[in-house]
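Below is one structure, written out as structure tokens; comments come after it.
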Amino acid sequence: MTTAFGNLVRQPTRSGFSGWRIMFIGLAMALVGSLMIYRLVSLQVLDPERFVEHGESQRIRTAALAAERGAIVDRNGVELAVSTPRESIWADPRLIVDPVTTAQQIVNIAGGDVEQLSRRLSNSEAKFAWMARQLDDDVAETILSLDLPGIYATEEQARITPSGSDVARGILGRTDVDGIGLSGLESQYDQFLTGEAGRIVVERGIASGDAQAVTIPDGEYELVSPTPGDSLVLTLDRTVQFEVENLLRRTVSDSGAKSGTAIVSRTATGEILAMSTVARNIDGNVVVSGENRAVTWIVEPGSISKPLAIAALIEEGLIDSNTTVEVTDELEIYDLVVTDSVRTSQSIMTTADVLRNSSNVGVALLVDRIGDETFHSYLSDFGLGSPTVLDFPGESAGILHPEAEWSGISRPQAAIGYGYAATPLQMLRSYNVFANGGVIVEPHLVAGIQDADGDLDIVSPREGRRVISEETAREVTSLLAGVVSEGGTGVLASVPGYQIAGKTGTALIAQPGGGYRDEFGEVHLLTSFAGFLPAADPELSIVVMIEEPEGEASGGRIAAPLFGEISNFALQHFRIPPAESVIDG
């Protein structure tokens, strides 16, 4: 019974898996299969691009090819700024064994900051770090010869000035180490000079172990050559620019002045042949300035503005060269007291005498014949209060207050060169009106933009605009010639064999606290000379301004001789012959 009963309740023995286990395994296999199918569909159908890109990123290498920056050349094609290949040293910090020692070795050869380079090399997560940029070939070769782990070289384009770092420094401006224009023409024409970068694409095998990845012979390859930047062709003449800078340096140094600015231009076209500023640095040495003060510096010009007032009066038919005025020692106009710095025995002066002797009292008396609105309109027509078309970075428009804001003393003040402010280039532009027979011509600095194929796109200046009649311009020119040739204040600007038309200026410099005296009660002077030559058939116009010369300074003593030296050099350089005199008799 017991045996039979035991046989009845004992579970039968089975081979294999139970049913629920079979179901579990089946479900797991179905799930894995579904995941595999989903993954396959995802890779092949839903998002294949992402995975293709990932694969390509492991095989395809793209390197940028820097474009050569366009050159800046003078009117004769002489290079003033160009780009040239230079080696730059970089590091892969992941491969650097001893950051401090490596940095010290590089600094010993190329210079730099050991601590700064050490920090860069210690960043083990970085793949790239600059060590030294745009080195001379011998310096780069010396560093590479050390065979330092993780240190490599690459070629970059460096900006250099073949004609010298000082020549036209304030005009050219500068670029940063990456070749981006920061100031001057380098900044203003950066979009033309920069060019378009190229690229090279190669397919490489995956590196394994210590083996280097190599280019696959039949793999993907693409080369897009960089497009060089356009070049700027300037109106400057390198030789004249160099000489002007030297003469300016000498004059500022010898006179103990603070700074000096000079501009030379072609009267008929407005082409700027030379434009420079020199200034004393912190050590007291006179150096070429990086600031183009010819367009950024505004001053009350003083007596070089008197011809503008005389021209307005002649054009309106209110005076002529022989009009007379009784000149006193001083003239009171409301709260303005007008005096002459140089007294003469003449009490009755003609217009010619007034200009030749630079009489403030005489000009103030003459300008009393014209109304504020008319006179203000002439000053505006001469270009005062308006920037030139150079559009140079930082160029000032000057200051010419609206006529509605003028007071009872504004007109006589403006006639003798106060109460408004202008840049040296604006004053030169106004003098070109007389030289061009009454037509104002805008100055320009860029003659054209030349592409890599040599095709020149000429930058045409704006058409001239008539300001005064040809007859008035000729009469004022004759008066200005008398300032130099008939014992006037500009006699030291003369050039043997040539007749010069020009005017001296000696102006008080306004002080930051107001008025014309500094905290010690001293006055500071701006001496200047503006003019053109040959007077009868003008080819060149020149303006020079010397800031704060020491001693008995005046436009006739300081600026006029410099004008004469620049004129003499330019006349010979351009082989300009003398012209018939503009003065009768």
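As shown in the structure tokens, the chain order sets the letters A, B, ...; within each chain, residues go from 1, and ligands are also counted from 1 in the order they appear.
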
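Residue neighbourhood of Ser567 in chain A, excluding near-sequence residues (fewer than 5 positions): Val264, Ala493, Ser494, Val495, Phe532, Leu533, Leu540, Ser541, Ile542, Leu562 and Gln572 of chain A, at 9 Å, using only C-alpha atoms.
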
Those selected residues, please, written with N, CA and C atoms and delivered as a PDB file, in the first residue's frame.
```pdb
ATOM      1  N   VAL A 264      51.486 116.780 -47.474  1.00  0.00           N
ATOM      2  CA  VAL A 264      51.795 117.237 -48.828  1.00  0.00           C
ATOM      3  C   VAL A 264      50.778 116.615 -49.765  1.00  0.00           C
ATOM      4  N   ALA A 493      59.597 130.953 -45.814  1.00  0.00           N
ATOM      5  CA  ALA A 493      59.071 129.787 -46.541  1.00  0.00           C
ATOM      6  C   ALA A 493      59.491 129.806 -48.004  1.00  0.00           C
ATOM      7  N   SER A 494      60.201 130.809 -48.420  1.00  0.00           N
ATOM      8  CA  SER A 494      60.543 130.966 -49.829  1.00  0.00           C
ATOM      9  C   SER A 494      61.496 129.882 -50.311  1.00  0.00           C
ATOM     10  N   VAL A 495      61.406 129.578 -51.597  1.00  0.00           N
ATOM     11  CA  VAL A 495      62.275 128.619 -52.285  1.00  0.00           C
ATOM     12  C   VAL A 495      62.888 129.342 -53.478  1.00  0.00           C
ATOM     13  N   PHE A 532      50.741 126.814 -51.129  1.00  0.00           N
ATOM     14  CA  PHE A 532      50.846 125.984 -52.342  1.00  0.00           C
ATOM     15  C   PHE A 532      51.864 126.605 -53.286  1.00  0.00           C
ATOM     16  N   LEU A 533      52.305 125.821 -54.269  1.00  0.00           N
ATOM     17  CA  LEU A 533      53.358 126.249 -55.178  1.00  0.00           C
ATOM     18  C   LEU A 533      53.379 125.359 -56.423  1.00  0.00           C
ATOM     19  N   LEU A 540      51.606 121.566 -55.940  1.00  0.00           N
ATOM     20  CA  LEU A 540      51.659 120.977 -54.605  1.00  0.00           C
ATOM     21  C   LEU A 540      51.067 121.929 -53.578  1.00  0.00           C
ATOM     22  N   SER A 541      50.384 121.374 -52.590  1.00  0.00           N
ATOM     23  CA  SER A 541      49.920 122.149 -51.441  1.00  0.00           C
ATOM     24  C   SER A 541      50.450 121.475 -50.181  1.00  0.00           C
ATOM     25  N   ILE A 542      50.809 122.287 -49.205  1.00  0.00           N
ATOM     26  CA  ILE A 542      51.464 121.769 -48.005  1.00  0.00           C
ATOM     27  C   ILE A 542      50.942 122.522 -46.781  1.00  0.00           C
ATOM     28  N   LEU A 562      60.299 125.185 -42.230  1.00  0.00           N
ATOM     29  CA  LEU A 562      60.024 123.772 -42.486  1.00  0.00           C
ATOM     30  C   LEU A 562      59.227 123.614 -43.774  1.00  0.00           C
ATOM     31  N   GLN A 572      62.036 119.266 -56.324  1.00  0.00           N
ATOM     32  CA  GLN A 572      63.113 118.549 -57.005  1.00  0.00           C
ATOM     33  C   GLN A 572      62.728 117.100 -57.284  1.00  0.00           C
TER      34      GLN A 572
END
```

>> With DSSP run on the backbone, what are the helix (DSSP H, G or I) residues within range 55-221 of chain A? I'd like them as number ranges by chain.
In response: A: 55-59, 93-95, 99-110, 114-121, 137-145, 169-172, 184-188, 190-193

Would you save the residues from that selection as an mmCIF file, in the first residue's frame, using C-alpha atoms?
```cif
data_model
loop_
_atom_site.group_PDB
_atom_site.id
_atom_site.type_symbol
_atom_site.label_atom_id
_atom_site.label_comp_id
_atom_site.auth_asym_id
_atom_site.auth_seq_id
_atom_site.Cartn_x
_atom_site.Cartn_y
_atom_site.Cartn_z
ATOM 1 C CA GLY A 55 33.133 57.522 -38.646
ATOM 2 C CA GLU A 56 34.447 60.220 -40.902
ATOM 3 C CA SER A 57 35.621 62.261 -37.931
ATOM 4 C CA GLN A 58 37.921 59.393 -37.054
ATOM 5 C CA ARG A 59 39.282 59.102 -40.603
ATOM 6 C CA PRO A 93 49.960 69.348 -23.801
ATOM 7 C CA ARG A 94 48.912 65.670 -23.584
ATOM 8 C CA LEU A 95 52.381 64.679 -24.727
ATOM 9 C CA PRO A 99 55.871 71.428 -18.502
ATOM 10 C CA VAL A 100 58.186 73.743 -16.552
ATOM 11 C CA THR A 101 61.418 72.536 -18.137
ATOM 12 C CA THR A 102 59.870 72.552 -21.607
ATOM 13 C CA ALA A 103 58.562 76.102 -21.132
ATOM 14 C CA GLN A 104 61.943 77.292 -19.862
ATOM 15 C CA GLN A 105 63.769 75.856 -22.854
ATOM 16 C CA ILE A 106 61.405 77.581 -25.293
ATOM 17 C CA VAL A 107 61.566 80.925 -23.474
ATOM 18 C CA ASN A 108 65.373 80.808 -23.421
ATOM 19 C CA ILE A 109 65.313 80.837 -27.236
ATOM 20 C CA ALA A 110 62.173 82.706 -28.259
ATOM 21 C CA VAL A 114 57.788 80.845 -18.384
ATOM 22 C CA GLU A 115 54.902 80.779 -15.922
ATOM 23 C CA GLN A 116 52.307 81.441 -18.603
ATOM 24 C CA LEU A 117 53.661 78.757 -20.955
ATOM 25 C CA SER A 118 53.946 76.287 -18.075
ATOM 26 C CA ARG A 119 50.253 76.720 -17.306
ATOM 27 C CA ARG A 120 49.356 76.052 -20.921
ATOM 28 C CA LEU A 121 51.514 72.950 -21.062
ATOM 29 C CA ASP A 137 63.400 80.771 -39.324
ATOM 30 C CA ASP A 138 66.611 80.357 -37.326
ATOM 31 C CA VAL A 139 64.775 80.779 -34.000
ATOM 32 C CA ALA A 140 62.121 78.214 -34.932
ATOM 33 C CA GLU A 141 64.761 75.746 -36.155
ATOM 34 C CA THR A 142 66.674 76.100 -32.894
ATOM 35 C CA ILE A 143 63.576 75.205 -30.870
ATOM 36 C CA LEU A 144 62.719 72.236 -33.090
ATOM 37 C CA SER A 145 66.307 70.975 -32.900
ATOM 38 C CA ARG A 169 53.182 104.321 -39.411
ATOM 39 C CA GLY A 170 50.160 106.417 -38.467
ATOM 40 C CA ILE A 171 48.575 105.842 -41.875
ATOM 41 C CA LEU A 172 49.170 102.123 -42.342
ATOM 42 C CA GLY A 184 44.689 102.772 -39.776
ATOM 43 C CA LEU A 185 44.274 101.488 -43.309
ATOM 44 C CA GLU A 186 44.828 97.923 -42.069
ATOM 45 C CA SER A 187 41.550 98.266 -40.191
ATOM 46 C CA GLN A 188 39.657 100.469 -42.650
ATOM 47 C CA ASP A 190 40.506 94.871 -43.646
ATOM 48 C CA GLN A 191 37.742 93.205 -45.673
ATOM 49 C CA PHE A 192 39.711 93.737 -48.900
ATOM 50 C CA LEU A 193 43.135 92.865 -47.491
#
```

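For the residues A:Ala66, A:Val287, A:Ile509, A:Ile319, ranking by smallest atom-to-atom distance to Gly195 in chain A using only C-alpha atoms places A:Ala66 first.
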
> Any idea what's packed within 9 Å of Ser358 in chain A, counting only C-alpha atoms, ignoring anything in its chain fewer than 5 positions away? Could you give it as a list in words?
Replying inline: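 Non-adjacent residues within range: Ser303, Lys306, Asp340, Ser341, Val342, Asp353, Val363, Val483, Gly488, Thr489, Lys503, Thr504 and Gly505 of chain A.
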
>> Please compute the CA of Leu366 in chain A-CA of Leu313 in chain A distance, one decimal, in Å.
In response: 7.9 Å

>> I'd like the contact shell of His524 in chain A - 9 Å cut-off, only C-alpha atoms, skipping same-chain residues fewer than 5 positions apart - returned as an MDAnalysis selection string.
In response: chainID A and resid 507:511 516:518 547:549

> So what do you get for CA of Thr84 in chain A versus CA of Ala158 in chain A, distance-wise?
Replying inline: 5.4 Å
